[in-house]
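Dumped model.csv below, it's CSV, C-alpha atoms:
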```
chain,number,residue,atom,x,y,z
A,1351,MET,CA,0.0,0.0,0.0
A,1352,GLU,CA,2.8,2.4,0.8
A,1353,LEU,CA,4.3,2.1,-2.7
A,1354,TYR,CA,1.0,3.0,-4.3
A,1355,LEU,CA,0.9,6.2,-2.3
A,1356,LEU,CA,3.8,7.6,-4.3
A,1357,PRO,CA,1.9,7.7,-7.7
A,1358,LEU,CA,-1.2,8.9,-5.9
A,1359,ILE,CA,0.7,11.9,-4.3
A,1360,ILE,CA,1.8,13.0,-7.8
A,1361,ALA,CA,-1.4,12.1,-9.8
A,1362,LEU,CA,-3.9,13.6,-7.4
A,1363,PRO,CA,-3.0,17.3,-8.0
A,1364,PHE,CA,-3.2,16.8,-11.8
A,1365,VAL,CA,-6.6,15.1,-11.6
A,1366,ALA,CA,-7.9,17.7,-9.2
A,1367,GLY,CA,-6.6,20.5,-11.5
A,1368,LEU,CA,-8.6,19.1,-14.4
A,1369,ALA,CA,-11.7,18.7,-12.2
A,1370,ALA,CA,-11.3,22.4,-11.1
A,1371,ILE,CA,-11.3,23.7,-14.6
A,1372,LEU,CA,-14.5,21.8,-15.4
A,1373,LEU,CA,-16.4,23.3,-12.5
A,1374,PRO,CA,-19.0,26.0,-13.2
A,1375,SER,CA,-17.6,29.5,-13.7
A,1376,ASP,CA,-19.0,30.8,-10.5
A,1377,SER,CA,-17.7,28.0,-8.3
A,1378,ARG,CA,-15.3,30.0,-6.2
A,1379,THR,CA,-15.8,28.1,-3.0
A,1380,PRO,CA,-16.0,24.6,-4.5
A,1381,SER,CA,-12.7,25.2,-6.4
A,1382,THR,CA,-11.0,26.3,-3.1
A,1383,TRP,CA,-12.3,23.3,-1.2
A,1384,LEU,CA,-11.1,21.0,-4.0
A,1385,ALA,CA,-7.6,22.5,-4.0
A,1386,GLY,CA,-7.4,22.6,-0.2
A,1387,PHE,CA,-8.6,19.0,0.1
A,1388,THR,CA,-6.1,17.8,-2.6
A,1389,THR,CA,-3.1,19.4,-1.0
A,1390,LEU,CA,-4.2,18.2,2.4
A,1391,VAL,CA,-4.5,14.6,1.1
A,1392,CYS,CA,-1.0,14.9,-0.4
A,1393,LEU,CA,0.3,16.2,2.9
A,1394,VAL,CA,-1.4,13.5,5.0
A,1395,SER,CA,-0.2,10.7,2.6
A,1396,THR,CA,3.3,12.0,2.8
A,1397,LEU,CA,3.2,12.2,6.6
A,1398,SER,CA,1.9,8.6,6.7
A,1399,LEU,CA,5.1,7.4,5.1
A,1400,TYR,CA,7.2,8.9,7.9
A,1401,PRO,CA,7.6,5.7,9.9
A,1402,ALA,CA,8.9,3.8,6.9
A,1403,VAL,CA,11.3,6.6,6.0
A,1404,THR,CA,12.7,6.9,9.5
A,1405,ASP,CA,13.4,3.2,9.5
A,1406,GLY,CA,15.9,3.8,6.7
A,1407,GLN,CA,13.7,2.4,3.9
A,1408,VAL,CA,13.9,3.8,0.4
A,1409,LEU,CA,10.4,3.4,-1.0
A,1410,ARG,CA,10.2,2.7,-4.8
A,1411,TYR,CA,7.4,2.5,-7.3
A,1412,HIS,CA,8.4,1.0,-10.6
A,1413,ALA,CA,6.4,0.8,-13.9
A,1414,GLU,CA,7.5,0.3,-17.5
A,1415,TRP,CA,7.6,3.5,-19.5
A,1416,LEU,CA,10.1,3.5,-22.4
A,1417,PRO,CA,11.8,0.1,-22.0
A,1418,THR,CA,13.5,0.2,-25.4
A,1419,LEU,CA,15.4,3.4,-24.2
A,1420,GLY,CA,16.1,2.0,-20.8
A,1421,VAL,CA,13.8,4.6,-19.2
A,1422,ASP,CA,11.2,3.5,-16.7
A,1423,PHE,CA,8.6,5.3,-14.6
A,1424,VAL,CA,10.3,5.1,-11.2
A,1425,LEU,CA,9.2,7.0,-8.1
A,1426,ARG,CA,11.5,7.0,-5.1
A,1427,MET,CA,11.1,8.4,-1.6
A,1428,ASP,CA,13.9,8.6,0.9
A,1429,GLY,CA,14.3,10.9,3.9
A,1430,PHE,CA,15.4,13.9,1.7
A,1431,ALA,CA,12.5,13.5,-0.8
A,1432,TRP,CA,10.1,13.0,2.2
A,1433,ILE,CA,11.1,16.4,3.6
A,1434,PHE,CA,10.5,18.2,0.3
A,1435,ALA,CA,7.2,16.4,-0.5
A,1436,ALA,CA,5.9,17.4,3.0
A,1437,LEU,CA,7.1,21.0,2.4
A,1438,VAL,CA,5.5,21.3,-1.0
A,1439,SER,CA,2.2,19.9,0.0
A,1440,GLY,CA,2.1,21.6,3.4
A,1441,ILE,CA,2.9,25.1,2.2
A,1442,GLY,CA,0.6,24.4,-0.8
A,1443,PHE,CA,-2.3,23.8,1.6
A,1444,LEU,CA,-1.6,27.0,3.5
A,1445,VAL,CA,-1.3,29.0,0.3
A,1446,VAL,CA,-4.7,27.7,-0.8
A,1447,VAL,CA,-6.2,28.9,2.4
A,1448,TYR,CA,-4.6,32.3,1.9
A,1449,THR,CA,-5.8,32.4,-1.8
A,1450,ARG,CA,-9.4,32.0,-0.7
A,1451,TYR,CA,-9.3,35.5,1.0
A,1452,TYR,CA,-6.8,37.1,-1.4
A,1453,ILE,CA,-8.0,36.4,-4.9
A,1454,SER,CA,-10.6,38.8,-6.3
A,1455,PRO,CA,-14.1,37.5,-7.2
A,1456,GLU,CA,-13.6,39.0,-10.7
A,1457,ASP,CA,-10.5,36.8,-11.3
A,1458,PRO,CA,-11.1,33.4,-13.0
A,1459,VAL,CA,-10.4,31.3,-9.9
A,1460,ARG,CA,-10.8,27.9,-11.7
A,1461,ARG,CA,-8.0,28.8,-14.1
A,1462,PHE,CA,-5.8,29.8,-11.1
A,1463,TYR,CA,-6.4,26.5,-9.3
A,1464,PHE,CA,-5.8,24.4,-12.4
A,1465,PHE,CA,-2.4,26.0,-12.9
A,1466,PHE,CA,-1.7,25.9,-9.2
A,1467,LEU,CA,-2.5,22.2,-8.8
A,1468,ALA,CA,-0.7,21.2,-12.0
A,1469,PHE,CA,2.4,23.0,-10.8
A,1470,THR,CA,2.1,21.3,-7.4
A,1471,GLY,CA,1.9,17.8,-9.1
A,1472,SER,CA,4.9,18.7,-11.3
A,1473,MET,CA,7.0,19.8,-8.3
A,1474,LEU,CA,6.1,16.7,-6.4
A,1475,GLY,CA,7.2,14.8,-9.5
A,1476,VAL,CA,10.6,16.5,-9.4
A,1477,VAL,CA,11.0,15.6,-5.8
A,1478,LEU,CA,9.9,11.9,-6.0
A,1479,SER,CA,11.4,11.0,-9.4
A,1480,GLY,CA,13.6,7.9,-9.2
A,1481,ASN,CA,14.7,8.3,-12.9
A,1482,LEU,CA,16.7,11.2,-14.2
A,1483,ILE,CA,14.8,11.5,-17.5
A,1484,LEU,CA,11.5,11.4,-15.6
A,1485,LEU,CA,12.9,14.1,-13.3
A,1486,VAL,CA,13.7,16.4,-16.4
A,1487,VAL,CA,10.1,15.9,-17.7
A,1488,PHE,CA,8.6,17.1,-14.5
A,1489,TRP,CA,11.3,19.8,-14.3
A,1490,GLU,CA,10.1,21.3,-17.6
A,1491,LEU,CA,6.5,21.0,-16.5
A,1492,THR,CA,7.3,23.2,-13.5
A,1493,SER,CA,8.7,25.8,-16.0
A,1494,ILE,CA,5.6,25.7,-18.1
A,1495,PHE,CA,3.1,26.0,-15.3
A,1496,SER,CA,5.1,28.6,-13.5
A,1497,PHE,CA,5.0,30.7,-16.7
A,1498,LEU,CA,1.2,30.4,-16.6
A,1499,LEU,CA,1.0,31.3,-12.9
A,1500,ILE,CA,3.3,34.3,-13.2
A,1501,GLY,CA,1.3,35.5,-16.2
A,1502,TYR,CA,-2.0,34.8,-14.6
A,1503,TRP,CA,-3.0,38.5,-14.7
A,1504,HIS,CA,-2.3,38.5,-18.4
A,1505,HIS,CA,-4.0,41.9,-18.9
A,1506,ASN,CA,-0.9,43.3,-17.0
A,1507,GLN,CA,2.0,43.9,-19.4
A,1508,THR,CA,4.6,43.6,-16.5
A,1509,ALA,CA,3.2,40.2,-15.6
A,1510,ARG,CA,3.4,39.0,-19.3
A,1511,ASP,CA,7.0,40.2,-19.6
A,1512,GLY,CA,8.0,38.6,-16.2
A,1513,ALA,CA,6.4,35.3,-17.3
A,1514,ARG,CA,8.2,35.3,-20.6
A,1515,MET,CA,11.5,36.1,-19.0
A,1516,ALA,CA,11.1,33.3,-16.4
A,1517,LEU,CA,10.1,30.8,-19.0
A,1518,THR,CA,13.0,31.7,-21.4
A,1519,VAL,CA,15.6,31.4,-18.7
A,1520,THR,CA,14.3,28.3,-16.9
A,1521,ALA,CA,13.3,26.4,-20.0
A,1522,THR,CA,16.8,27.1,-21.6
A,1523,GLY,CA,18.4,25.9,-18.4
A,1524,GLY,CA,16.1,22.8,-18.5
A,1525,LEU,CA,17.5,21.9,-22.0
A,1526,ALA,CA,21.0,22.2,-20.6
A,1527,LEU,CA,20.0,20.0,-17.7
A,1528,LEU,CA,18.7,17.4,-20.1
A,1529,ALA,CA,22.0,17.4,-21.9
A,1530,GLY,CA,23.9,17.0,-18.6
A,1531,VAL,CA,21.6,14.2,-17.5
A,1532,LEU,CA,22.2,12.4,-20.9
A,1533,ILE,CA,25.9,12.6,-20.3
A,1534,ILE,CA,25.6,11.3,-16.8
A,1535,GLY,CA,23.4,8.4,-18.0
A,1536,HIS,CA,26.1,7.7,-20.7
A,1537,ILE,CA,28.8,7.6,-18.1
A,1538,VAL,CA,26.9,5.4,-15.6
A,1539,GLY,CA,25.0,3.3,-18.2
A,1540,SER,CA,21.7,4.0,-16.5
A,1541,TYR,CA,19.3,6.8,-15.6
A,1542,ASP,CA,18.1,5.1,-12.4
A,1543,LEU,CA,18.8,7.4,-9.5
A,1544,ASP,CA,19.9,4.6,-7.2
A,1545,VAL,CA,22.5,3.5,-9.8
A,1546,VAL,CA,23.7,7.1,-10.4
A,1547,LEU,CA,24.0,7.8,-6.6
A,1548,ALA,CA,26.2,4.6,-6.3
A,1549,SER,CA,28.5,5.7,-9.2
A,1550,GLY,CA,30.2,8.9,-7.8
A,1551,ASN,CA,33.8,7.8,-8.4
A,1552,ALA,CA,33.0,6.7,-11.9
A,1553,ILE,CA,31.4,10.1,-12.7
A,1554,ARG,CA,34.0,12.3,-11.1
A,1555,GLY,CA,36.8,10.3,-12.8
A,1556,HIS,CA,35.3,10.4,-16.3
A,1557,PRO,CA,36.7,12.7,-19.0
A,1558,LEU,CA,33.1,14.0,-19.6
A,1559,TYR,CA,32.7,15.0,-15.9
A,1560,VAL,CA,33.3,18.7,-16.5
A,1561,PRO,CA,30.9,19.1,-19.5
A,1562,ALA,CA,28.2,17.2,-17.5
A,1563,LEU,CA,28.8,19.4,-14.5
A,1564,VAL,CA,28.6,22.6,-16.4
A,1565,LEU,CA,25.4,21.6,-18.2
A,1566,PHE,CA,23.9,20.3,-14.9
A,1567,LEU,CA,24.7,23.6,-13.1
A,1568,LEU,CA,23.2,25.7,-16.0
A,1569,GLY,CA,20.0,23.9,-15.3
A,1570,THR,CA,20.0,24.2,-11.5
A,1571,LEU,CA,21.4,27.7,-11.2
A,1572,THR,CA,18.9,29.1,-13.7
A,1573,LYS,CA,16.0,27.5,-11.7
A,1574,SER,CA,17.2,28.8,-8.4
A,1575,ALA,CA,17.9,32.3,-9.8
A,1576,GLN,CA,21.6,32.3,-8.9
A,1577,PHE,CA,24.1,34.6,-10.4
A,1578,PRO,CA,24.4,35.3,-13.4
A,1579,PHE,CA,20.8,34.1,-13.9
A,1580,HIS,CA,19.3,36.0,-11.0
A,1581,PHE,CA,17.6,38.7,-13.0
A,1582,TRP,CA,14.4,36.8,-13.8
A,1583,LEU,CA,13.1,36.4,-10.2
A,1584,PRO,CA,12.5,40.1,-9.3
A,1585,ASN,CA,10.6,40.5,-12.7
A,1586,ALA,CA,8.4,37.6,-11.7
A,1587,MET,CA,7.0,39.5,-8.7
A,1588,ALA,CA,4.2,40.9,-10.9
A,1589,ALA,CA,2.5,37.5,-10.2
A,1590,PRO,CA,-0.3,37.3,-7.5
A,1591,THR,CA,1.0,37.0,-4.0
A,1592,PRO,CA,0.0,33.4,-3.5
A,1593,VAL,CA,2.1,32.5,-6.6
A,1594,SER,CA,5.1,34.4,-5.2
A,1595,ALA,CA,4.7,32.7,-1.8
A,1596,PHE,CA,4.5,29.3,-3.3
A,1597,LEU,CA,6.8,29.3,-6.3
A,1598,HIS,CA,9.4,31.9,-5.4
A,1599,SER,CA,10.1,30.9,-1.8
A,1600,ALA,CA,9.0,27.3,-1.2
A,1601,THR,CA,9.0,25.3,-4.4
A,1602,MET,CA,10.2,26.4,-7.8
A,1603,VAL,CA,13.3,28.2,-6.8
A,1604,LYS,CA,14.1,25.4,-4.4
A,1605,ALA,CA,14.1,22.9,-7.2
A,1606,GLY,CA,17.6,23.9,-8.3
A,1607,VAL,CA,19.2,23.6,-4.9
A,1608,PHE,CA,17.2,20.5,-4.2
A,1609,LEU,CA,18.7,18.8,-7.3
A,1610,MET,CA,22.2,20.1,-6.4
A,1611,ALA,CA,21.8,18.5,-3.0
A,1612,ARG,CA,20.3,15.3,-4.5
A,1613,LEU,CA,23.3,14.8,-6.8
A,1614,TRP,CA,25.8,16.3,-4.3
A,1615,PRO,CA,27.2,12.8,-3.3
A,1616,VAL,CA,28.2,12.1,-6.9
A,1617,LEU,CA,29.2,15.5,-8.3
A,1618,ALA,CA,30.7,17.4,-5.3
A,1619,ASP,CA,34.1,17.3,-3.7
A,1620,THR,CA,36.1,18.3,-6.8
A,1621,PRO,CA,37.9,21.6,-7.6
A,1622,GLU,CA,35.5,22.3,-10.5
A,1623,TRP,CA,32.4,21.9,-8.3
A,1624,PHE,CA,33.9,24.0,-5.5
A,1625,THR,CA,34.8,26.8,-7.9
A,1626,LEU,CA,31.7,27.0,-10.1
A,1627,VAL,CA,29.1,26.4,-7.3
A,1628,GLY,CA,31.0,28.4,-4.7
A,1629,LEU,CA,31.4,31.5,-6.9
A,1630,ALA,CA,27.8,31.5,-8.0
A,1631,GLY,CA,26.6,31.1,-4.4
A,1632,MET,CA,29.0,33.7,-2.9
A,1633,ILE,CA,28.1,36.4,-5.5
A,1634,SER,CA,24.4,35.7,-5.2
A,1635,LEU,CA,24.6,35.9,-1.4
A,1636,VAL,CA,26.3,39.3,-1.5
A,1637,LEU,CA,24.6,40.8,-4.5
A,1638,GLY,CA,21.1,39.7,-3.5
A,1639,ALA,CA,21.5,41.3,0.0
A,1640,TYR,CA,23.0,44.4,-1.5
A,1641,LEU,CA,20.3,45.0,-4.0
A,1642,ALA,CA,17.6,44.2,-1.5
A,1643,MET,CA,18.6,47.3,0.5
A,1644,PHE,CA,17.5,49.6,-2.3
A,1645,GLN,CA,14.1,48.2,-3.0
A,1646,GLN,CA,11.0,50.3,-2.4
A,1647,ASP,CA,8.5,47.5,-3.1
A,1648,LEU,CA,8.1,44.8,-0.4
A,1649,LYS,CA,7.8,41.9,-2.9
A,1650,GLY,CA,10.9,43.2,-4.7
A,1651,LEU,CA,12.8,43.3,-1.5
A,1652,LEU,CA,11.7,39.7,-0.7
A,1653,ALA,CA,12.7,38.6,-4.2
A,1654,TYR,CA,16.3,39.8,-3.7
A,1655,SER,CA,16.3,38.4,-0.2
A,1656,THR,CA,15.4,35.0,-1.7
A,1657,ILE,CA,18.3,35.3,-4.2
A,1658,SER,CA,20.6,36.0,-1.2
A,1659,HIS,CA,19.4,33.1,0.9
A,1660,LEU,CA,19.6,30.7,-2.0
A,1661,GLY,CA,23.1,31.9,-2.6
A,1662,LEU,CA,23.9,30.9,1.0
A,1663,ILE,CA,22.4,27.4,0.4
A,1664,THR,CA,24.4,27.1,-2.8
A,1665,LEU,CA,27.6,28.3,-1.1
A,1666,LEU,CA,27.1,25.7,1.7
A,1667,LEU,CA,26.7,22.9,-1.0
A,1668,SER,CA,29.9,24.0,-2.7
A,1669,LEU,CA,32.0,23.2,0.4
A,1670,GLY,CA,32.1,19.4,-0.2
A,1671,SER,CA,31.5,18.9,3.6
A,1672,PRO,CA,28.7,16.6,4.9
A,1673,LEU,CA,28.1,19.2,7.7
A,1674,GLY,CA,27.8,21.9,5.0
A,1675,ALA,CA,25.3,19.8,3.1
A,1676,VAL,CA,23.2,19.2,6.3
A,1677,ALA,CA,23.3,23.0,7.0
A,1678,ALA,CA,22.1,23.7,3.4
A,1679,ILE,CA,19.2,21.3,3.7
A,1680,PHE,CA,18.2,22.8,7.1
A,1681,HIS,CA,18.2,26.3,5.6
A,1682,MET,CA,16.1,25.1,2.6
A,1683,ILE,CA,13.4,24.2,5.0
A,1684,ASN,CA,14.0,27.3,7.2
A,1685,HIS,CA,13.9,29.7,4.2
A,1686,ALA,CA,10.8,28.1,2.6
A,1687,THR,CA,8.9,28.4,5.8
A,1688,PHE,CA,9.7,32.0,6.7
A,1689,GLN,CA,9.9,33.4,3.2
A,1690,ALA,CA,6.4,32.0,2.3
A,1691,SER,CA,5.1,33.6,5.5
A,1692,LEU,CA,6.7,36.9,4.6
A,1693,PHE,CA,5.3,37.0,1.1
A,1694,MET,CA,1.8,36.3,2.4
A,1695,ALA,CA,2.2,39.0,5.1
A,1696,ALA,CA,3.6,41.6,2.7
```
Spit out the file's structure as C-alpha cells when you get a sec.
Amino acid sequence: MELYLLPLIIALPFVAGLAAILLPSDSRTPSTWLAGFTTLVCLVSTLSLYPAVTDGQVLRYHAEWLPTLGVDFVLRMDGFAWIFAALVSGIGFLVVVYTRYYISPEDPVRRFYFFFLAFTGSMLGVVLSGNLILLVVFWELTSIFSFLLIGYWHHNQTARDGARMALTVTATGGLALLAGVLIIGHIVGSYDLDVVLASGNAIRGHPLYVPALVLFLLGTLTKSAQFPFHFWLPNAMAAPTPVSAFLHSATMVKAGVFLMARLWPVLADTPEWFTLVGLAGMISLVLGAYLAMFQQDLKGLLAYSTISHLGLITLLLSLGSPLGAVAAIFHMINHATFQASLFMAA
C-alpha cells in the first residue's frame, strides 16, 4: 500500500486540477475546497510514510515506460525526498487557504487552481522521481506551469513580460540540464537514481565529468535564480502574491538547490564543483542582499532576499562537507517556511 501512495501523491493534483477547470464558472468556494482537500490529502499521505522513511527504507514504485530506451517510470522516496514532499504539499495547503481570501471575485479562480494544482503535481514529481529522465520531464512541466501562474494577470504587461522572461531562462536551463543528464546516463549506463548515486567515483573520474557538471549547473542555477541568472526572479514579482509565496520561496526556486543537494554525493568534492558552485553562491549571497537594501517594493525586497538566501544554500553545498550539506538542507526548510510567510504578510 505504501508504494502506491507515491503515484497517488503525484497524480492527485493533476486530476484535481482538471476537475477544477471543469467546475461552473461561479464555483469559487468549491474550487477552493477542492484545491485545499487535494493538497491536504497529499500532505497526509506523505506524513503517513514517515515511519517507513525513518526506519531507513527507500520506497520505490516501478512501472515500465520506455523500456527500449532503458527509461522506466520510477518513483523514489527517501528521507530527503520526504522532507520536500511534505514541504511542497504543506505550504501548498496554506497558500490555498490564503488564496481564498486574497483572490478577487472578478478573477477566474478555476484557471488559477488548475495552474496551481498542476504545478504542485509537477513539483512533487521532481522531488519523487527515481529516474533522471522522468525528473527532467517534471522539471520542464514546472517551468511551463510557473509561466502560466506568473502571467495569470495576463492583462498586465509587466506580468506578461515577467512570465516570458522566467520561461525563457528556466526552460533554456532545462535543456542544458537534459544534456547534462544524458551525459551522466552515458557515463553510468543507467538513468536510475539509485544506480547514479552509487557511481560517484566513476562520474568524477570520467573525461566527460566537466561538461556534464557545467550543463547540470546551468539547469540548476537558472531555476534557483543564482548569479548570473538571478535577474528573472524580481521580474516575476508581478504575479499574484500566492504565486510568489509558493513558487518563489518554497517550491520552484528550491528545485535547483534540491537537485544540487540530490546529486551532491556524486558531483561534489572536486575543484570544479567548488569553484563553479562556490562562486555562483557567494556572488548571489552578497549581490542579492546588497540590491535588497534599495528596493521600495516589499515583494521586490523579498525577491532579492530570496536570491541571497539561495546563494547561502548554494555556497554551503559547494564546500564538499557533509556538515555543510546538512546545513544547506536545514536552511532550505527554514527559508521556505519564513519566506512564504513573509510574502503572504507583505
Name all residues at most 7 Å from Leu1499 of chain A (count all atoms listed in the file; drop same-chain ones fewer than 3 positions away) and give them as a ChimeraX atom specification. /A:1465,1495-1496,1502,1589,1593
Name the residues in contact with Leu1362 of chain A at a cut-off of 7 Å, using only C-alpha atoms, excluding same-chain residues fewer than 4 positions from it; report them as JSON, numbers by chain. {"A": [1358, 1366, 1388]}
Can you list every residue of segment 1536-1603 of chain A that has an atom at most 8 Å from segment 1414-1425 of chain A, with its nearest atom pair and the distance in Å to one decimal, using all atoms listed in the file, ordered by chain then number, as a tab-separated table?
```
residue	atom	partner	partner_atom	distance
A:Ser1540	CA	A:Gly1420	CA	7.3
A:Tyr1541	CA	A:Val1421	CA	6.9
A:Asp1542	CA	A:Val1424	CA	7.9
```
Within 8 Å of Gly1650 of chain A, counting only C-alpha atoms, which residues qualify if same-chain residues fewer than 4 places away don't, as a ChimeraX atom specification? /A:1584,1587,1642,1645-1646,1654
Show me the residues around (34.5, 10.1, -13.9) - criterion: an atom at most 12 Å away, only C-alpha atoms counted - as a ChimeraX atom specification. /A:1533-1538,1546,1549-1563,1616-1618,1620
Take the structure in the block and write a file for segment 1671-1691 of chain A, N, CA, C and O atoms, as a short mmCIF file (atom, residue, chain, number, x, y, z; two decimals), in the first residue's frame.
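So out31.cif came out as:
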```cif
data_model
loop_
_atom_site.label_atom_id
_atom_site.label_comp_id
_atom_site.auth_asym_id
_atom_site.auth_seq_id
_atom_site.Cartn_x
_atom_site.Cartn_y
_atom_site.Cartn_z
N SER A 1671 31.51 19.44 2.19
CA SER A 1671 31.50 18.94 3.57
C SER A 1671 30.12 18.37 3.90
O SER A 1671 29.11 19.02 3.63
N PRO A 1672 30.05 17.18 4.51
CA PRO A 1672 28.75 16.64 4.92
C PRO A 1672 27.99 17.58 5.85
O PRO A 1672 26.77 17.73 5.74
N LEU A 1673 28.72 18.24 6.76
CA LEU A 1673 28.07 19.18 7.67
C LEU A 1673 27.52 20.38 6.90
O LEU A 1673 26.44 20.88 7.21
N GLY A 1674 28.26 20.83 5.87
CA GLY A 1674 27.78 21.93 5.02
C GLY A 1674 26.52 21.54 4.28
O GLY A 1674 25.58 22.33 4.15
N ALA A 1675 26.44 20.28 3.81
CA ALA A 1675 25.25 19.80 3.10
C ALA A 1675 24.06 19.74 4.04
O ALA A 1675 22.93 20.11 3.67
N VAL A 1676 24.28 19.29 5.28
CA VAL A 1676 23.20 19.23 6.28
C VAL A 1676 22.70 20.65 6.58
O VAL A 1676 21.48 20.90 6.65
N ALA A 1677 23.64 21.61 6.73
CA ALA A 1677 23.26 23.00 6.99
C ALA A 1677 22.46 23.56 5.82
O ALA A 1677 21.49 24.31 6.01
N ALA A 1678 22.86 23.21 4.59
CA ALA A 1678 22.14 23.68 3.40
C ALA A 1678 20.71 23.16 3.38
O ALA A 1678 19.77 23.92 3.11
N ILE A 1679 20.53 21.88 3.68
CA ILE A 1679 19.19 21.29 3.69
C ILE A 1679 18.33 21.92 4.79
O ILE A 1679 17.16 22.24 4.58
N PHE A 1680 18.95 22.15 5.95
CA PHE A 1680 18.22 22.80 7.05
C PHE A 1680 17.74 24.19 6.62
O PHE A 1680 16.60 24.58 6.87
N HIS A 1681 18.62 24.93 5.94
CA HIS A 1681 18.24 26.29 5.56
C HIS A 1681 17.22 26.30 4.41
O HIS A 1681 16.46 27.25 4.27
N MET A 1682 17.20 25.25 3.60
CA MET A 1682 16.13 25.14 2.59
C MET A 1682 14.76 25.11 3.26
O MET A 1682 13.82 25.80 2.85
N ILE A 1683 14.65 24.28 4.31
CA ILE A 1683 13.38 24.17 5.05
C ILE A 1683 13.08 25.49 5.77
O ILE A 1683 11.96 26.02 5.71
N ASN A 1684 14.10 26.02 6.42
CA ASN A 1684 13.98 27.26 7.17
C ASN A 1684 13.51 28.40 6.27
O ASN A 1684 12.54 29.10 6.56
N HIS A 1685 14.20 28.55 5.13
CA HIS A 1685 13.88 29.66 4.21
C HIS A 1685 12.49 29.50 3.60
O HIS A 1685 11.75 30.48 3.47
N ALA A 1686 12.14 28.28 3.19
CA ALA A 1686 10.81 28.06 2.60
C ALA A 1686 9.72 28.46 3.57
O ALA A 1686 8.71 29.08 3.18
N THR A 1687 9.92 28.15 4.84
CA THR A 1687 8.89 28.44 5.85
C THR A 1687 8.75 29.93 6.09
O THR A 1687 7.65 30.49 6.00
N PHE A 1688 9.86 30.61 6.37
CA PHE A 1688 9.72 32.03 6.73
C PHE A 1688 9.49 32.91 5.51
O PHE A 1688 8.78 33.92 5.60
N GLN A 1689 10.02 32.54 4.35
CA GLN A 1689 9.85 33.40 3.18
C GLN A 1689 8.42 33.33 2.65
O GLN A 1689 7.86 34.34 2.23
N ALA A 1690 7.82 32.13 2.65
CA ALA A 1690 6.43 32.02 2.25
C ALA A 1690 5.55 32.85 3.18
O ALA A 1690 4.61 33.54 2.74
N SER A 1691 5.84 32.80 4.48
CA SER A 1691 5.08 33.58 5.45
C SER A 1691 5.24 35.08 5.20
O SER A 1691 4.27 35.86 5.25
#
```
